[in-house]
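Below is one structure; the comments refer to it alone.
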Amino acid sequence: PDRQFLADYRPYPFILEQTRLEFTLAPDATRVRADLTFRPRNGSEDLLLDGGKNLHLISLTIDGREPAADQVTRDDERLVIAAAALPDGQFTLATEVEINPSANTAFEGLYISNGMFCTQCEAEGFRHITFYPDRPDVMAPFQVTIHSDQPVLLSNGNPVRQEEGLAEWHDPWPKPAYLFALVAGDLVAIEDRFTTASGRDVALNVWVRPGDEDRAGFAMESLIKSMKWDEDVYRREYDLDVFNIVAVDDFNMGAMENKGLNIFNSKLVLASPETATDADYERIESVIAHEYFHNWTGNRITCRDWFQLCLKEGLTVFRDQQFTSDMRSASVKRIGDVQALRARQFREDQGPLAHPVRPEEYEEINNFYTATVYEKGAEVIGMLKRLVGDDGYARALDLYFKRHDGEAATIEDWLKVFEDATGRDLTQFKRWYTDAGTPRLTMRETWENGRLTLHFTQHTPPTPGQNDKPPRVIPIAVGLIGPNGDEIEPTRMLEMSEAKQEFSFDGLGARPVVSALRGFSAPVILERNIDDATRAFLLAHDTDPFARWEAGRELALHALTALSQGQEGGADYIGAIGQLATDEDADPAFRALCLNLPGEEEIATRLYAAGAIPDPDAIHDARNRLARRMAETHANLLSAIYDQMVVPGPYSPDADSAARRALRISALGLLTRIDGGERAEVLFGITSNMTERMAALICLVRRGRGGVALSALHDQFKDNRLVMDKWFTVQPMAAPPADAIAIARQLSERRDFDWKNPNRFRALLGGLAANHAGFHAADGKGYDFLAEWLMKMDPINPQIAARMSTAFETWPRYDENRRKRALAALERMAAMKGISRNLREMVTRMIA
Ligand code: B3K
Ligand code: ZN
């Protein structure tokens, strides 16, 4: 099949000077006229244009003349115009095609969602709209005309003409086709304004369907905060007269940063206290910021080719993480990010889908919008910042914006600005981009005559296609705590660059306790021989919030892995947690994080990394037992927390209120283990905010007592898609494992299981996959059920099928019986007739 390789890059032989598009919209037969003005880069070459089978070519001229029939050839993926048909200098190619948006179920290109025309072009969707050099290094200013009877007509850039049935938009900033967008529908806007630091007055709109206006305010607030933050922190200003955000119900991902016209999955725009949880609010704030930040990191400076995806995604995730840290609690944000990284990216790195932050080959680029490219991409930037310091980072970023504005850049360009701005050689650091896998860092201590020596080794296990991994540069943040609990050595950044290396601390009176990898200073697995008493000591005294939380996490994981293997464990953890939970000086959000036990998936990952075969049922059981013991031991304490953490007054999504609710909910989760679900039932009945309702519902479903609450929620919200998505998720996700598949099957037979809607599909199947012991049922029924649905989805929407197939990526971890059944499901998919390139690449990599 046609595999793409980084090494094959070659510039496009033409410069595209101007793109003019004219759309005449109709659901089944939309006309697209494209006038593309090219200039050859050097010499004469054939003109290659990407364009899918769905394009029905009506006419094609070059400077107004039709080329000879044998000078134009076409296959399933492109159109080629022979060099002989092209004038020597500048020329304009005009094509007209017809496309059928209503037949577009893959939601890539131009499609229709609830009667509204909408586009999604990243990565390679524009080629389903018209013939075009659909690659990110071909950038041009766009002029777009839309003819349609829809009331609101939007595209990128500034509006230059708006009349009945017609709109014209000009985007002066050269951009690649993947940033193109068009929206036409019956929409209403909530409006605001922003004045940039240099005085540009920008009109801001969040467009939603009539009736949804009262749920769009938080998105607007988040946008304004993001614009201000990017000016304050990165000195980046917005560069057009309008900024539009549109919410759409059918969307393959979260959101898209199209120039001046961001398109969002409605779940990342719409929020009200009754329908959205605290987590939803936080996520909306961060995704609005993420897409807005792309205006500079992604749009003004884009990627040369799709291998460089992390150039814009890693950096923009890093920026949105910084933003959230500034808006909310930095330490809680850091802990949450590390949890997510371990759950998704470490998992990816540990299995058959492992790939470098900058991959060097792919079949289907949409399969590489991964946790590795995004979240590990962001971690790598965090390490760079730690290594060059805050000032070095600021100088490098200034240089990046100055040097590459208006360009399509590479990771080499990115590293070069750091080298030039700081004088540091980053040759070895680059391995973080080119080498896949999570390094294992071991730490051993020796103590002699007031000198403490830390002995480190690093080693990265092989990943597909990469056996040898030379050592990397690893920033290891370390602090020392004296025996009385006081910090005696503040955080110091050790720079490891060898396979084996040691660092010493001299002149110490008594042997200190080492707090290592503070702030999670590198995305590695730290292995260290340390007893539970020392962990409990760190949990009580560490000054670094991440390291403190990590000590508690390690205690919990140690207990849980022991319990799941039939051993004793948990006493130290339960004791330490009791102290922390009563510590009223600690941030409630932090206390909540410490009360939440690691998930079953995380326990399985840990066991597998330690060379054991995880048993999903035993893990489920162990976690239940430990939670119950925590609840029994600390019943009074938890009950006091539950009563104290009521947030008075009307709901507000701010970080402090959310933190109190988080702690209250953690306590509720434990108390439900011993109160039969009484508190959860009461809370579900009296609270009006979705955060507490959802938490109470999860507790009830877990106990098999969800019936009444589920019907109440259904009756109240059956017309609200986003709440109904939650309703579809929670049932298979929180069900007792033995019931999960039957519940999922029943739900899948309902009329309102609108499976072609990506959110609904993800809700149900993702909910099941999140039930670790349920999905990994020993009889393989979970695997069969998911495979069946992926095969049904694949012909309709290959991107969604491929993405959801990652539920299988952990299959090699389990026992032989489960492995056999998972592999059989994967092989069934691989053998499917007409399988998409997307799903085929995924299952092939997982089987290999
Ligand atoms: N850049 C888009 C993701 C596009 C995914 C294409 N399959 C959203 C984002 O990362 O901001
Ligand atoms: Zn992004």
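Going by the structure tokens order, chains are called A, B, ..., each with residues numbered from 1, while ligands are numbered from 1 in the order shown.
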
Per residue of chain A within 10 Å of ligand 1, what are the shortest atom pair and its distance in Å to one decimal, counting only C-alpha atoms and all ligand atoms, with rows by chain and residue number, as a Markdown table?
```
| residue | atom | partner | partner_atom_place_in_ligand_line | distance |
| --- | --- | --- | --- | --- |
| A:Glu108 | CA | ligand 1 | 7 (N) | 8.7 |
| A:Gln120 | CA | ligand 1 | 6 (C) | 8.0 |
| A:Cys121 | CA | ligand 1 | 6 (C) | 7.6 |
| A:Glu122 | CA | ligand 1 | 6 (C) | 4.8 |
| A:Ala123 | CA | ligand 1 | 6 (C) | 5.1 |
| A:Glu124 | CA | ligand 1 | 6 (C) | 8.2 |
| A:Gly125 | CA | ligand 1 | 6 (C) | 8.8 |
| A:Tyr178 | CA | ligand 1 | 4 (C) | 9.0 |
| A:Leu179 | CA | ligand 1 | 1 (N) | 8.9 |
| A:Asn252 | CA | ligand 1 | 7 (N) | 7.4 |
| A:Met253 | CA | ligand 1 | 5 (C) | 6.4 |
| A:Gly254 | CA | ligand 1 | 8 (C) | 6.6 |
| A:Ala255 | CA | ligand 1 | 8 (C) | 5.1 |
| A:Met256 | CA | ligand 1 | 8 (C) | 4.4 |
| A:Glu257 | CA | ligand 1 | 11 (O) | 5.7 |
| A:Asn258 | CA | ligand 1 | 1 (N) | 8.5 |
| A:Asn262 | CA | ligand 1 | 11 (O) | 9.4 |
| A:Ile263 | CA | ligand 1 | 8 (C) | 9.4 |
| A:Phe264 | CA | ligand 1 | 8 (C) | 9.2 |
| A:Val287 | CA | ligand 1 | 11 (O) | 7.6 |
| A:Ile288 | CA | ligand 1 | 11 (O) | 9.2 |
| A:Ala289 | CA | ligand 1 | 11 (O) | 9.6 |
| A:His290 | CA | ligand 1 | 11 (O) | 6.2 |
| A:Glu291 | CA | ligand 1 | 11 (O) | 5.2 |
| A:Tyr292 | CA | ligand 1 | 11 (O) | 8.8 |
| A:Phe293 | CA | ligand 1 | 11 (O) | 9.0 |
| A:His294 | CA | ligand 1 | 11 (O) | 7.1 |
| A:Gly298 | CA | ligand 1 | 1 (N) | 8.4 |
| A:Leu309 | CA | ligand 1 | 1 (N) | 8.9 |
| A:Cys310 | CA | ligand 1 | 10 (O) | 9.7 |
| A:Lys312 | CA | ligand 1 | 10 (O) | 8.3 |
| A:Glu313 | CA | ligand 1 | 10 (O) | 5.9 |
| A:Gly314 | CA | ligand 1 | 10 (O) | 9.1 |
| A:Thr316 | CA | ligand 1 | 11 (O) | 7.8 |
| A:Val317 | CA | ligand 1 | 10 (O) | 8.2 |
| A:Glu364 | CA | ligand 1 | 7 (N) | 9.9 |
| A:Ile365 | CA | ligand 1 | 7 (N) | 7.8 |
| A:Asn366 | CA | ligand 1 | 7 (N) | 4.6 |
| A:Asn367 | CA | ligand 1 | 7 (N) | 7.6 |
| A:Phe368 | CA | ligand 1 | 7 (N) | 8.2 |
| A:Tyr369 | CA | ligand 1 | 5 (C) | 6.2 |
| A:Thr370 | CA | ligand 1 | 5 (C) | 9.5 |
| A:Tyr374 | CA | ligand 1 | 10 (O) | 7.8 |
| A:Gln799 | CA | ligand 1 | 7 (N) | 7.4 |
| A:Ile800 | CA | ligand 1 | 7 (N) | 9.5 |
| A:Arg803 | CA | ligand 1 | 7 (N) | 9.6 |
```

Could you turn the residues from that selection into a file that holds N, CA and C atoms, as a short mmCIF file (atom, residue, chain, number, x, y, z; two decimals), in the first residue's frame?
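result34.cif, written as the output of this step:
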```cif
data_model
loop_
_atom_site.label_atom_id
_atom_site.label_comp_id
_atom_site.auth_asym_id
_atom_site.auth_seq_id
_atom_site.Cartn_x
_atom_site.Cartn_y
_atom_site.Cartn_z
N GLU A 108 -15.61 14.31 6.75
CA GLU A 108 -14.32 14.83 6.32
C GLU A 108 -14.56 15.51 4.98
N GLN A 120 -14.63 19.87 7.59
CA GLN A 120 -13.47 19.48 8.39
C GLN A 120 -12.39 19.08 7.39
N CYS A 121 -11.30 19.80 7.37
CA CYS A 121 -10.28 19.54 6.35
C CYS A 121 -8.98 18.95 6.87
N GLU A 122 -8.62 19.17 8.13
CA GLU A 122 -7.39 18.55 8.59
C GLU A 122 -7.64 17.05 8.80
N ALA A 123 -6.76 16.19 8.35
CA ALA A 123 -5.51 16.51 7.71
C ALA A 123 -5.70 16.64 6.19
N GLU A 124 -6.43 15.72 5.58
CA GLU A 124 -6.49 15.70 4.12
C GLU A 124 -7.92 15.69 3.61
N GLY A 125 -8.76 16.55 4.22
CA GLY A 125 -10.17 16.58 3.83
C GLY A 125 -10.45 17.52 2.67
N TYR A 178 -5.71 22.78 4.74
CA TYR A 178 -6.31 22.08 5.88
C TYR A 178 -6.94 23.06 6.87
N LEU A 179 -6.59 24.36 6.74
CA LEU A 179 -7.16 25.38 7.63
C LEU A 179 -8.37 26.07 7.04
N ASN A 252 -15.86 14.65 14.19
CA ASN A 252 -15.02 13.48 14.50
C ASN A 252 -14.12 13.68 15.71
N MET A 253 -13.69 14.92 15.94
CA MET A 253 -12.80 15.11 17.08
C MET A 253 -13.38 16.16 18.02
N GLY A 254 -12.48 16.81 18.75
CA GLY A 254 -12.91 17.83 19.69
C GLY A 254 -13.22 19.15 19.01
N ALA A 255 -12.25 19.65 18.25
CA ALA A 255 -12.42 20.96 17.66
C ALA A 255 -11.35 21.17 16.60
N MET A 256 -11.48 22.26 15.85
CA MET A 256 -10.54 22.50 14.74
C MET A 256 -10.24 23.98 14.60
N GLU A 257 -8.94 24.26 14.44
CA GLU A 257 -8.43 25.62 14.51
C GLU A 257 -8.46 26.39 13.19
N ASN A 258 -9.39 26.11 12.28
CA ASN A 258 -9.45 26.83 11.00
C ASN A 258 -9.26 28.32 11.21
N ASN A 262 -13.05 28.81 14.00
CA ASN A 262 -12.87 27.54 14.69
C ASN A 262 -14.18 26.77 14.73
N ILE A 263 -14.11 25.49 14.41
CA ILE A 263 -15.31 24.66 14.47
C ILE A 263 -15.15 23.68 15.62
N PHE A 264 -16.18 23.59 16.43
CA PHE A 264 -16.11 22.81 17.66
C PHE A 264 -17.19 21.75 17.71
N VAL A 287 -9.86 23.69 25.69
CA VAL A 287 -9.89 23.45 24.24
C VAL A 287 -10.14 24.76 23.48
N ILE A 288 -10.97 25.63 24.03
CA ILE A 288 -11.13 26.94 23.40
C ILE A 288 -9.76 27.61 23.32
N ALA A 289 -9.02 27.53 24.43
CA ALA A 289 -7.68 28.13 24.45
C ALA A 289 -6.78 27.44 23.43
N HIS A 290 -6.80 26.12 23.43
CA HIS A 290 -5.94 25.37 22.52
C HIS A 290 -6.16 25.81 21.06
N GLU A 291 -7.40 25.82 20.65
CA GLU A 291 -7.68 26.17 19.24
C GLU A 291 -7.30 27.62 18.98
N TYR A 292 -7.58 28.50 19.93
CA TYR A 292 -7.20 29.90 19.74
C TYR A 292 -5.67 30.02 19.63
N PHE A 293 -4.95 29.33 20.50
CA PHE A 293 -3.48 29.43 20.48
C PHE A 293 -2.89 28.92 19.16
N HIS A 294 -3.60 28.00 18.51
CA HIS A 294 -3.12 27.54 17.20
C HIS A 294 -2.99 28.70 16.20
N GLY A 298 0.66 26.96 14.61
CA GLY A 298 -0.12 26.07 13.74
C GLY A 298 -0.55 26.80 12.48
N LEU A 309 3.71 17.00 12.64
CA LEU A 309 2.48 17.36 13.35
C LEU A 309 2.73 17.85 14.78
N CYS A 310 3.69 17.23 15.47
CA CYS A 310 3.94 17.63 16.86
C CYS A 310 4.47 19.05 16.95
N LYS A 312 3.15 21.67 15.76
CA LYS A 312 2.04 22.53 16.17
C LYS A 312 1.26 21.94 17.33
N GLU A 313 1.12 20.61 17.39
CA GLU A 313 0.26 20.04 18.43
C GLU A 313 0.96 19.96 19.78
N GLY A 314 2.19 19.49 19.79
CA GLY A 314 2.91 19.43 21.07
C GLY A 314 3.02 20.82 21.68
N THR A 316 1.18 23.48 21.06
CA THR A 316 -0.10 24.09 21.44
C THR A 316 -0.68 23.42 22.68
N VAL A 317 -0.48 22.12 22.83
CA VAL A 317 -0.89 21.48 24.09
C VAL A 317 -0.08 22.07 25.24
N GLU A 364 -1.85 6.24 7.01
CA GLU A 364 -2.98 7.15 7.12
C GLU A 364 -2.65 8.15 8.24
N ILE A 365 -2.45 9.39 7.87
CA ILE A 365 -2.01 10.38 8.86
C ILE A 365 -3.03 10.57 9.98
N ASN A 366 -4.32 10.39 9.68
CA ASN A 366 -5.30 10.58 10.74
C ASN A 366 -5.10 9.61 11.90
N ASN A 367 -4.37 8.52 11.66
CA ASN A 367 -4.08 7.59 12.74
C ASN A 367 -2.96 8.09 13.66
N PHE A 368 -2.39 9.25 13.36
CA PHE A 368 -1.26 9.73 14.16
C PHE A 368 -1.59 10.98 14.97
N TYR A 369 -2.87 11.23 15.14
CA TYR A 369 -3.28 12.29 16.08
C TYR A 369 -3.40 11.64 17.45
N THR A 370 -2.26 11.33 18.01
CA THR A 370 -2.20 10.42 19.16
C THR A 370 -1.73 11.13 20.42
N TYR A 374 0.62 14.45 20.67
CA TYR A 374 0.08 15.59 21.42
C TYR A 374 0.72 15.71 22.81
N GLN A 799 -12.50 7.13 10.16
CA GLN A 799 -11.68 7.76 11.21
C GLN A 799 -12.13 7.34 12.60
N ILE A 800 -13.43 7.29 12.78
CA ILE A 800 -13.96 6.92 14.10
C ILE A 800 -13.67 5.45 14.38
N ARG A 803 -9.99 5.08 15.26
CA ARG A 803 -9.65 5.66 16.56
C ARG A 803 -10.13 4.76 17.70
#
```

Give me, as a list of chain:residue names, all polymer residues having an atom no more than 8 Å from Ile743 in chain A, counting only C-alpha atoms and skipping those fewer than 5 positions away in the same chain.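 The neighbour list is A:Gln731, A:Pro732, A:Ala735.
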
Take the residues that were just selected and, keeping C-alpha atoms, output them as an mmCIF file, in the first residue's frame.
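out_28.cif written:
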```
data_model
loop_
_atom_site.group_PDB
_atom_site.id
_atom_site.type_symbol
_atom_site.label_atom_id
_atom_site.label_comp_id
_atom_site.auth_asym_id
_atom_site.auth_seq_id
_atom_site.Cartn_x
_atom_site.Cartn_y
_atom_site.Cartn_z
ATOM 1 C CA GLN A 731 -24.179 2.611 32.086
ATOM 2 C CA PRO A 732 -21.612 0.338 30.441
ATOM 3 C CA ALA A 735 -21.789 -1.341 35.470
#
```

From the DSSP assignment of the backbone, select every residue of range 274-309 of chain A that is alpha helix (DSSP H), and format the answer as a list in words. Asp278, Ala279, Asp280, Tyr281, Glu282, Arg283, Ile284, Glu285, Ser286, Val287, Ile288, Ala289, His290, Glu291, Tyr292, Phe293 and Leu309 of chain A

Which neighbours of Gly669 in chain A fall inside 9 Å, counting only C-alpha atoms, when residues of the same chain fewer than 6 positions from it are skipped, and could you give them as an NGL selection string? :A and (596 or 627 or 680 or 695-696 or 698-699)

Take the residues from that selection and put them in a file with C-alpha atoms, as an mmCIF file, in the first residue's frame.
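Output file part_33.cif follows:
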```
data_model
loop_
_atom_site.group_PDB
_atom_site.id
_atom_site.type_symbol
_atom_site.label_atom_id
_atom_site.label_comp_id
_atom_site.auth_asym_id
_atom_site.auth_seq_id
_atom_site.Cartn_x
_atom_site.Cartn_y
_atom_site.Cartn_z
ATOM 1 C CA ASN A 596 -9.074 8.636 44.417
ATOM 2 C CA ALA A 627 -11.864 1.105 48.684
ATOM 3 C CA ALA A 680 -25.797 9.063 46.500
ATOM 4 C CA ALA A 695 -21.073 11.549 40.459
ATOM 5 C CA ALA A 696 -24.077 10.272 42.375
ATOM 6 C CA ILE A 698 -21.980 6.653 38.863
ATOM 7 C CA CYS A 699 -22.049 5.526 42.495
#
```

So that I can check the secondary structure, give me every residue of range 437-618 of chain A assigned strand (DSSP E) by backbone DSSP, as a PyMOL selection string. chain A and resi 440-448+451-459+474-481+487-496+500-505+513-516+525-528

Could you take the residues named above and write them with N, CA and C atoms, as a compact mmCIF listing (two decimals), in the first residue's frame?
```txt
# COMPACT_ATOMS: atom_id res chain seq x y z
N ARG A 440 13.05 3.80 31.06
CA ARG A 440 13.02 3.34 32.46
C ARG A 440 14.25 3.93 33.13
N LEU A 441 13.97 4.65 34.19
CA LEU A 441 15.06 5.29 34.92
C LEU A 441 15.13 4.58 36.26
N THR A 442 16.31 4.05 36.62
CA THR A 442 16.41 3.47 37.95
C THR A 442 17.26 4.38 38.82
N MET A 443 16.92 4.45 40.09
CA MET A 443 17.68 5.27 41.02
C MET A 443 18.04 4.44 42.24
N ARG A 444 19.32 4.45 42.58
CA ARG A 444 19.80 3.76 43.77
C ARG A 444 20.58 4.79 44.59
N GLU A 445 20.56 4.65 45.91
CA GLU A 445 21.25 5.65 46.75
C GLU A 445 22.38 4.99 47.52
N THR A 446 23.48 5.72 47.68
CA THR A 446 24.47 5.28 48.67
C THR A 446 24.78 6.46 49.59
N TRP A 447 25.15 6.13 50.81
CA TRP A 447 25.34 7.15 51.86
C TRP A 447 26.63 6.86 52.60
N GLU A 448 27.50 7.85 52.66
CA GLU A 448 28.80 7.64 53.31
C GLU A 448 29.35 8.98 53.78
N ARG A 451 27.91 12.19 52.68
CA ARG A 451 27.77 12.33 51.22
C ARG A 451 26.71 11.34 50.72
N LEU A 452 25.73 11.92 50.06
CA LEU A 452 24.69 11.09 49.47
C LEU A 452 24.93 11.01 47.97
N THR A 453 24.99 9.80 47.43
CA THR A 453 25.18 9.67 45.99
C THR A 453 23.97 8.98 45.38
N LEU A 454 23.49 9.58 44.30
CA LEU A 454 22.36 8.98 43.56
C LEU A 454 22.93 8.34 42.30
N HIS A 455 22.65 7.05 42.14
CA HIS A 455 23.15 6.30 40.98
C HIS A 455 21.97 6.05 40.04
N PHE A 456 22.06 6.59 38.87
CA PHE A 456 20.97 6.42 37.91
C PHE A 456 21.40 5.54 36.75
N THR A 457 20.45 4.75 36.24
CA THR A 457 20.66 4.11 34.94
C THR A 457 19.44 4.42 34.10
N GLN A 458 19.60 4.46 32.79
CA GLN A 458 18.44 4.60 31.91
C GLN A 458 18.49 3.55 30.82
N HIS A 459 17.27 3.15 30.43
CA HIS A 459 17.16 2.11 29.42
C HIS A 459 15.76 2.23 28.81
N ILE A 474 18.01 13.47 30.15
CA ILE A 474 16.85 13.43 31.03
C ILE A 474 17.03 14.45 32.16
N PRO A 475 16.17 15.45 32.22
CA PRO A 475 16.24 16.37 33.36
C PRO A 475 15.55 15.74 34.56
N ILE A 476 16.32 15.57 35.64
CA ILE A 476 15.76 14.93 36.83
C ILE A 476 15.76 15.95 37.97
N ALA A 477 14.57 16.40 38.35
CA ALA A 477 14.48 17.39 39.42
C ALA A 477 14.48 16.66 40.76
N VAL A 478 15.41 17.04 41.63
CA VAL A 478 15.58 16.34 42.90
C VAL A 478 15.62 17.33 44.06
N GLY A 479 15.02 16.98 45.17
CA GLY A 479 15.14 17.76 46.40
C GLY A 479 15.40 16.80 47.56
N LEU A 480 15.92 17.31 48.68
CA LEU A 480 16.21 16.43 49.83
C LEU A 480 15.42 16.89 51.05
N ILE A 481 14.86 15.92 51.74
CA ILE A 481 14.09 16.20 52.95
C ILE A 481 14.84 15.60 54.15
N GLU A 487 12.70 20.47 54.48
CA GLU A 487 13.47 20.38 53.24
C GLU A 487 14.87 20.93 53.49
N ILE A 488 15.90 20.14 53.18
CA ILE A 488 17.26 20.63 53.41
C ILE A 488 17.97 20.97 52.10
N GLU A 489 17.43 20.55 51.00
CA GLU A 489 18.05 20.89 49.70
C GLU A 489 16.90 21.16 48.74
N PRO A 490 16.74 22.42 48.32
CA PRO A 490 15.62 22.72 47.41
C PRO A 490 15.86 22.09 46.03
N THR A 491 14.83 22.14 45.21
CA THR A 491 14.89 21.44 43.92
C THR A 491 16.12 21.80 43.10
N ARG A 492 16.82 20.77 42.66
CA ARG A 492 17.97 20.95 41.79
C ARG A 492 17.73 20.11 40.54
N MET A 493 18.09 20.67 39.38
CA MET A 493 17.86 19.93 38.13
C MET A 493 19.13 19.16 37.76
N LEU A 494 19.07 17.84 37.88
CA LEU A 494 20.21 17.03 37.45
C LEU A 494 20.01 16.70 35.98
N GLU A 495 21.08 16.80 35.22
CA GLU A 495 20.96 16.50 33.80
C GLU A 495 21.65 15.21 33.49
N MET A 496 20.88 14.19 33.24
CA MET A 496 21.47 12.90 32.91
C MET A 496 21.60 12.78 31.41
N LYS A 500 24.52 5.41 32.34
CA LYS A 500 24.71 5.28 33.79
C LYS A 500 25.37 6.55 34.27
N GLN A 501 24.86 7.11 35.34
CA GLN A 501 25.44 8.36 35.80
C GLN A 501 25.16 8.56 37.29
N GLU A 502 26.07 9.20 37.99
CA GLU A 502 25.79 9.46 39.41
C GLU A 502 25.99 10.92 39.76
N PHE A 503 25.26 11.33 40.79
CA PHE A 503 25.29 12.72 41.26
C PHE A 503 25.39 12.69 42.77
N SER A 504 26.24 13.56 43.33
CA SER A 504 26.43 13.53 44.79
C SER A 504 26.02 14.83 45.46
N PHE A 505 25.60 14.69 46.71
CA PHE A 505 25.31 15.84 47.57
C PHE A 505 26.22 15.71 48.79
N VAL A 513 15.89 12.03 53.03
CA VAL A 513 15.02 11.27 52.12
C VAL A 513 14.98 12.01 50.79
N VAL A 514 15.13 11.26 49.70
CA VAL A 514 15.22 11.89 48.38
C VAL A 514 13.83 12.03 47.76
N SER A 515 13.54 13.23 47.33
CA SER A 515 12.32 13.48 46.57
C SER A 515 12.76 13.60 45.10
N ALA A 516 12.40 12.61 44.30
CA ALA A 516 12.96 12.54 42.94
C ALA A 516 11.90 12.75 41.88
N ILE A 525 9.60 6.30 33.37
CA ILE A 525 9.14 5.49 34.49
C ILE A 525 10.30 5.39 35.47
N LEU A 526 10.11 5.94 36.65
CA LEU A 526 11.17 5.92 37.66
C LEU A 526 11.02 4.67 38.51
N GLU A 527 12.08 3.86 38.52
CA GLU A 527 12.05 2.66 39.35
C GLU A 527 13.02 2.86 40.50
N ARG A 528 12.50 2.70 41.69
CA ARG A 528 13.36 2.97 42.83
C ARG A 528 12.91 2.06 43.96
```

Asp75 in chain A environment, 9 Å, only C-alpha atoms, sequence neighbours closer than 3 positions dropped, as a list in words: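 Once the nearby chain positions are removed, what remains is Gly51, Gly52, Lys53, Arg78, Leu79 and Val80 of chain A.
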
Write out as an MDAnalysis selection string the residues lying within 12 Å of range 462-473 of chain A, counting only C-alpha atoms and excluding same-chain residues fewer than 3 positions away. chainID A and resid 348:356 359:361 380 383:384 386:387 425:441 456:459 476 493:501 521:524 845:848

Of the residues A:Phe131, A:Asn299, A:Gly199, A:Ala167, which is the one nearest to ligand 2, using only C-alpha atoms and all ligand atoms? A:Asn299

Got a sec: who's within 8 Å of Ser155 in chain A, counting only C-alpha atoms, leaving out chain neighbours fewer than 5 positions off, as a PyMOL selection string? chain A and resi 144+169+180-183+261

Quick one: of A:Lys225, A:Arg821, A:Arg39, A:Arg319, who's nearest to ligand 2, counting only C-alpha atoms and all ligand atoms?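 Selected residue with least distance to ligand 2: A:Arg319.
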